[in-house]
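Coordinates from final24.txt are shown below (compact mmCIF, C-alpha atoms).
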# COMPACT_ATOMS: atom_id res chain seq x y z
CA MET A 1 0.00 0.00 0.00
CA ALA A 2 2.84 2.34 0.83
CA SER A 3 4.25 1.86 -2.66
CA VAL A 4 0.96 2.94 -4.20
CA LEU A 5 1.03 6.15 -2.19
CA ARG A 6 4.59 6.91 -3.36
CA GLN A 7 3.63 6.80 -7.03
CA PRO A 8 3.47 10.11 -8.76
CA LEU A 9 0.07 11.71 -8.56
CA SER A 10 -0.56 11.47 -12.32
CA THR A 11 -0.30 7.63 -12.25
CA VAL A 12 -2.84 7.38 -9.38
CA GLN A 13 -5.13 9.76 -11.20
CA THR A 14 -4.87 7.67 -14.38
CA VAL A 15 -5.76 4.42 -12.57
CA VAL A 16 -8.70 6.05 -10.74
CA GLY A 17 -9.93 7.55 -14.02
CA ILE A 18 -9.77 4.20 -15.84
CA VAL A 19 -11.60 2.38 -13.01
CA ALA A 20 -14.24 5.11 -12.84
CA GLY A 21 -14.72 4.92 -16.61
CA LEU A 22 -15.11 1.15 -16.56
CA LEU A 23 -17.64 1.37 -13.73
CA THR A 24 -19.60 4.03 -15.60
CA ILE A 25 -19.67 1.99 -18.82
CA GLY A 26 -20.61 -1.21 -16.92
CA GLY A 27 -23.38 0.57 -14.98
CA GLY A 28 -24.75 2.11 -18.16
CA PHE A 29 -24.81 -1.29 -19.85
CA LEU A 30 -26.64 -2.90 -16.90
CA SER A 31 -29.13 -0.08 -16.73
CA PHE A 32 -29.77 -0.17 -20.47
CA SER A 33 -30.16 -3.97 -20.60
CA GLY A 34 -32.57 -4.01 -17.64
CA PHE A 35 -30.53 -6.42 -15.51
CA ALA A 36 -29.95 -3.99 -12.68
CA ALA A 37 -33.38 -2.45 -12.31
CA PRO A 38 -36.45 -4.63 -11.70
CA ALA A 39 -39.17 -4.28 -14.27
CA ALA A 40 -41.99 -1.99 -13.27
CA PRO A 41 -44.90 -4.05 -11.98
CA PRO A 42 -47.77 -4.19 -14.45
CA GLN A 43 -50.80 -2.13 -13.56
CA GLN A 44 -53.12 -4.95 -12.52
CA GLY A 45 -56.21 -5.39 -10.45
CA GLU A 46 -58.21 -8.45 -9.51
CA ILE A 47 -61.73 -9.64 -10.17
CA VAL A 48 -63.37 -12.01 -7.72
CA ALA A 49 -66.69 -13.48 -8.81
CA VAL A 50 -69.18 -15.92 -7.36
CA VAL A 51 -71.71 -17.64 -9.62
CA GLN A 52 -75.01 -18.55 -7.92
CA ASP A 53 -78.41 -20.01 -8.69
CA VAL A 54 -80.89 -17.10 -8.67
CA ARG A 55 -83.59 -19.24 -7.00
CA THR A 56 -81.57 -20.69 -4.11
CA SER A 57 -78.45 -18.44 -3.92
CA LYS A 58 -76.39 -21.64 -3.83
CA PRO A 59 -73.07 -21.64 -5.71
CA LEU A 60 -73.07 -23.10 -9.21
CA SER A 61 -70.17 -25.22 -10.40
CA HIS A 62 -69.45 -26.14 -14.02
CA ALA A 63 -69.95 -22.57 -15.22
CA THR A 64 -67.65 -21.07 -17.84
CA VAL A 65 -66.58 -17.41 -17.78
CA GLU A 66 -65.28 -15.75 -20.94
CA ILE A 67 -63.54 -12.39 -20.50
CA PHE A 68 -63.52 -9.96 -23.43
CA THR A 69 -62.07 -6.50 -24.09
CA PRO A 70 -64.45 -3.68 -25.10
CA GLN A 71 -63.45 -4.44 -28.72
CA ASP A 72 -64.72 -8.04 -28.27
CA ALA A 73 -61.26 -9.61 -28.30
CA ILE A 74 -61.22 -12.61 -25.99
CA VAL A 75 -58.78 -12.30 -23.09
CA THR A 76 -59.31 -15.70 -21.48
CA THR A 77 -61.82 -18.46 -20.78
CA LEU A 78 -62.06 -19.82 -17.23
CA ASN A 79 -64.04 -22.45 -15.36
CA VAL A 80 -65.38 -21.55 -11.93
CA GLU A 81 -64.26 -23.57 -8.93
CA PRO A 82 -66.59 -26.25 -7.52
CA ASP A 83 -67.72 -23.72 -4.89
CA GLY A 84 -68.80 -21.27 -7.63
CA HIS A 85 -65.89 -18.83 -7.08
CA LEU A 86 -63.50 -17.35 -9.61
CA ALA A 87 -60.49 -15.07 -9.12
CA ARG A 88 -58.33 -13.59 -11.85
CA ARG A 89 -55.74 -10.81 -12.09
CA LEU A 90 -56.20 -8.53 -15.09
CA LYS A 91 -54.57 -5.43 -16.48
CA GLU A 92 -56.30 -2.21 -15.61
CA GLY A 93 -59.21 -1.51 -17.95
CA ARG A 94 -62.78 -2.36 -18.91
CA TYR A 95 -63.96 -5.88 -19.62
CA ARG A 96 -67.11 -7.81 -20.54
CA LEU A 97 -67.75 -11.16 -18.84
CA ARG A 98 -70.03 -13.77 -20.40
CA VAL A 99 -71.05 -16.57 -18.04
CA THR A 100 -72.57 -19.79 -19.37
CA ARG A 101 -73.70 -23.04 -17.77
CA PRO A 102 -75.75 -25.89 -19.24
CA GLY A 103 -79.43 -25.55 -18.32
CA PHE A 104 -79.14 -21.85 -17.41
CA LEU A 105 -79.57 -18.55 -19.24
CA THR A 106 -76.36 -16.81 -20.30
CA GLU A 107 -75.41 -13.79 -18.16
CA VAL A 108 -73.29 -10.84 -19.33
CA ARG A 109 -71.62 -8.33 -17.01
CA HIS A 110 -69.44 -5.27 -17.65
CA ILE A 111 -66.67 -4.56 -15.17
CA GLU A 112 -63.88 -2.03 -14.74
CA VAL A 113 -60.59 -3.18 -13.20
CA HIS A 114 -58.42 -0.65 -11.35
CA ALA A 115 -54.74 -1.20 -10.56
CA GLY A 116 -54.13 -2.50 -7.06
CA GLN A 117 -57.87 -2.93 -6.35
CA ARG A 118 -60.21 -5.89 -6.13
CA SER A 119 -63.56 -5.90 -7.92
CA ASP A 120 -66.17 -8.23 -6.39
CA LEU A 121 -68.94 -9.53 -8.61
CA ARG A 122 -72.00 -11.69 -7.86
CA ILE A 123 -73.55 -13.39 -10.87
CA ALA A 124 -77.00 -14.92 -10.30
CA MET A 125 -78.03 -17.30 -13.07
CA GLY A 126 -81.62 -18.31 -13.79
CA PRO A 127 -82.71 -21.61 -15.28
CA ARG A 128 -83.36 -21.84 -19.00
CA PRO A 129 -87.11 -22.14 -19.64
CA PRO A 130 -88.24 -25.42 -21.17
CA ALA A 131 -88.63 -25.52 -24.93
CA PRO A 132 -92.19 -24.80 -26.04
CA ARG A 133 -94.23 -27.88 -26.86
CA VAL A 134 -95.41 -28.16 -30.42
CA VAL A 135 -98.98 -29.35 -30.72
CA LYS A 136 -100.10 -30.61 -34.08
CA ALA A 137 -103.64 -29.63 -34.92
CA VAL A 138 -105.70 -31.49 -37.47
CA VAL A 139 -107.90 -29.18 -39.43
CA VAL A 140 -110.88 -30.69 -41.17
CA GLU A 141 -112.20 -28.41 -43.80
CA GLU A 142 -115.82 -28.68 -44.82
CA PRO A 143 -116.29 -28.40 -48.55
CA GLY A 144 -117.70 -25.13 -49.76
CA PRO A 145 -120.63 -24.72 -52.17
CA VAL A 146 -118.39 -24.74 -55.26
CA GLN A 147 -116.70 -27.98 -54.18
CA LYS A 148 -120.10 -29.58 -53.45
CA PHE A 149 -121.30 -28.60 -56.94
CA PHE A 150 -118.30 -30.17 -58.68
CA ARG A 151 -118.60 -33.32 -56.55
CA GLU A 152 -122.21 -33.70 -57.53
CA VAL A 153 -121.48 -33.03 -61.21
CA PHE A 154 -118.36 -35.19 -61.55
CA GLY A 155 -119.15 -37.68 -58.80
CA GLN A 156 -116.04 -37.38 -56.78
Rewrite the structure from the file as structure tokens, please.
Amino acid sequence: MASVLRQPLSTVQTVVGIVAGLLTIGGGFLSFSGFAAPAAPPQQGEIVAVVQDVRTSKPLSHATVEIFTPQDAIVTTLNVEPDGHLARRLKEGRYRLRVTRPGFLTEVRHIEVHAGQRSDLRIAMGPRPPAPRVVKAVVVEEPGPVQKFFREVFGQ
């Protein structure tokens, strides 16, 4: 160490300058490449939904939730948990949810997700009404006077 201090001042200045330059270049490279700084967290929020039967308020399993952007681009398709719950993190913005389940009417909800916040949603689904019954009716048409005339004339 004593020998380093006895060097002429210009040599010490040169070494310090070179080391400082290398550190500056290395720091700039790390900063530019993104290795040193963590990426900014995406601006996300969370939706938490529960799907229920409108008649009993009991949770419905086997429901499918499709999430769309306002431009009708599909973001994801999810199945609800057996207890009827669903949780999903989404980027901040507006979304349309379409919930379907066999035997029930389709439900559509619009929701806005805010960064760092949770949006709770209750979706009550009603049963699909039964298909209308088709009853065939037999119509017996009595012949009119013109038809009676031709039957009498031609014997049909």
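In this comparison, which uses only C-alpha atoms, the residue of A:Gln147, A:Thr14, A:Thr69, A:Thr64 approaching Val50 in chain A most closely is A:Thr64.
Between CA of Ile74 in chain A and CA of Gln43 in chain A the separation is 19.3 Å.
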key: Surrounding residues of Val48 in chain A excluding itself and chain neighbours under 5 positions, 7 Å, all atoms listed in the file, as number ranges by chain   = A: 86-88, 119-121
Using all atoms listed in the file, which protein or nucleic acid residues come within 8 Å of Arg94 in chain A? Drop anything in the same chain fewer than 6 positions from it, and give the result as a PDB file with C-alpha atoms, in the frame of the given file.
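New file selection.pdb:
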ATOM      1  CA  THR A  69     -62.070  -6.500 -24.090  1.00  0.00           C
ATOM      2  CA  PRO A  70     -64.450  -3.680 -25.100  1.00  0.00           C
ATOM      3  CA  HIS A 110     -69.440  -5.270 -17.650  1.00  0.00           C
ATOM      4  CA  ILE A 111     -66.670  -4.560 -15.170  1.00  0.00           C
ATOM      5  CA  GLU A 112     -63.880  -2.030 -14.740  1.00  0.00           C
ATOM      6  CA  VAL A 113     -60.590  -3.180 -13.200  1.00  0.00           C
TER       7      VAL A 113
END
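All protein and nucleic acid residues in the vicinity of (-67.3, -15.0, -18.4), that is within 6 Å when counting all atoms listed in the file, are Val65, Glu66, Ile67, Leu97, Arg98 and Val99 of chain A.
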Atoms to include: C-alpha atoms. Write the selected residues as a PDB file, in the frame of the given file.
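Okay, again-v8.pdb is ready:
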ATOM      1  CA  VAL A  65     -66.580 -17.410 -17.780  1.00  0.00           C
ATOM      2  CA  GLU A  66     -65.280 -15.750 -20.940  1.00  0.00           C
ATOM      3  CA  ILE A  67     -63.540 -12.390 -20.500  1.00  0.00           C
ATOM      4  CA  LEU A  97     -67.750 -11.160 -18.840  1.00  0.00           C
ATOM      5  CA  ARG A  98     -70.030 -13.770 -20.400  1.00  0.00           C
ATOM      6  CA  VAL A  99     -71.050 -16.570 -18.040  1.00  0.00           C
TER       7      VAL A  99
END
remark   = As a check of understanding: the span from CA of Glu81 in chain A to CA of Ser61 in chain A is 6.3 Å
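Nearest to Arg89 in chain A of all the residues A:Ala124, A:Ala115, A:Val146, A:Ile47 is A:Ile47, based on all atoms listed in the file.
As for CA of Glu141 in chain A and CA of Gly155 in chain A, they are spaced 19.0 Å apart.
Nearest to His85 in chain A of all the residues A:Gly45, A:Gly144, A:Gly17, A:Pro59 is A:Pro59, counting only C-alpha atoms.
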task = Have a look at A:Arg96, A:Lys136, A:Lys91, A:Arg122 and name the one nearest to Ala73 in chain A; count only C-alpha atoms.
result = A:Arg96
Which residues, written as a compact mmCIF listing (two decimals) with C-alpha atoms, in the coordinates of the input, have at least one atom at most 7 Å from His114 in chain A, with all atoms listed in the file counted and residues fewer than 2 positions away on the same chain left out?
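So the final result, stored in part-v1.txt, reads:
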# COMPACT_ATOMS: atom_id res chain seq x y z
CA GLN A 44 -53.12 -4.95 -12.52
CA GLY A 45 -56.21 -5.39 -10.45
CA GLU A 92 -56.30 -2.21 -15.61
CA GLY A 93 -59.21 -1.51 -17.95
CA GLU A 112 -63.88 -2.03 -14.74
CA GLY A 116 -54.13 -2.50 -7.06
CA GLN A 117 -57.87 -2.93 -6.35
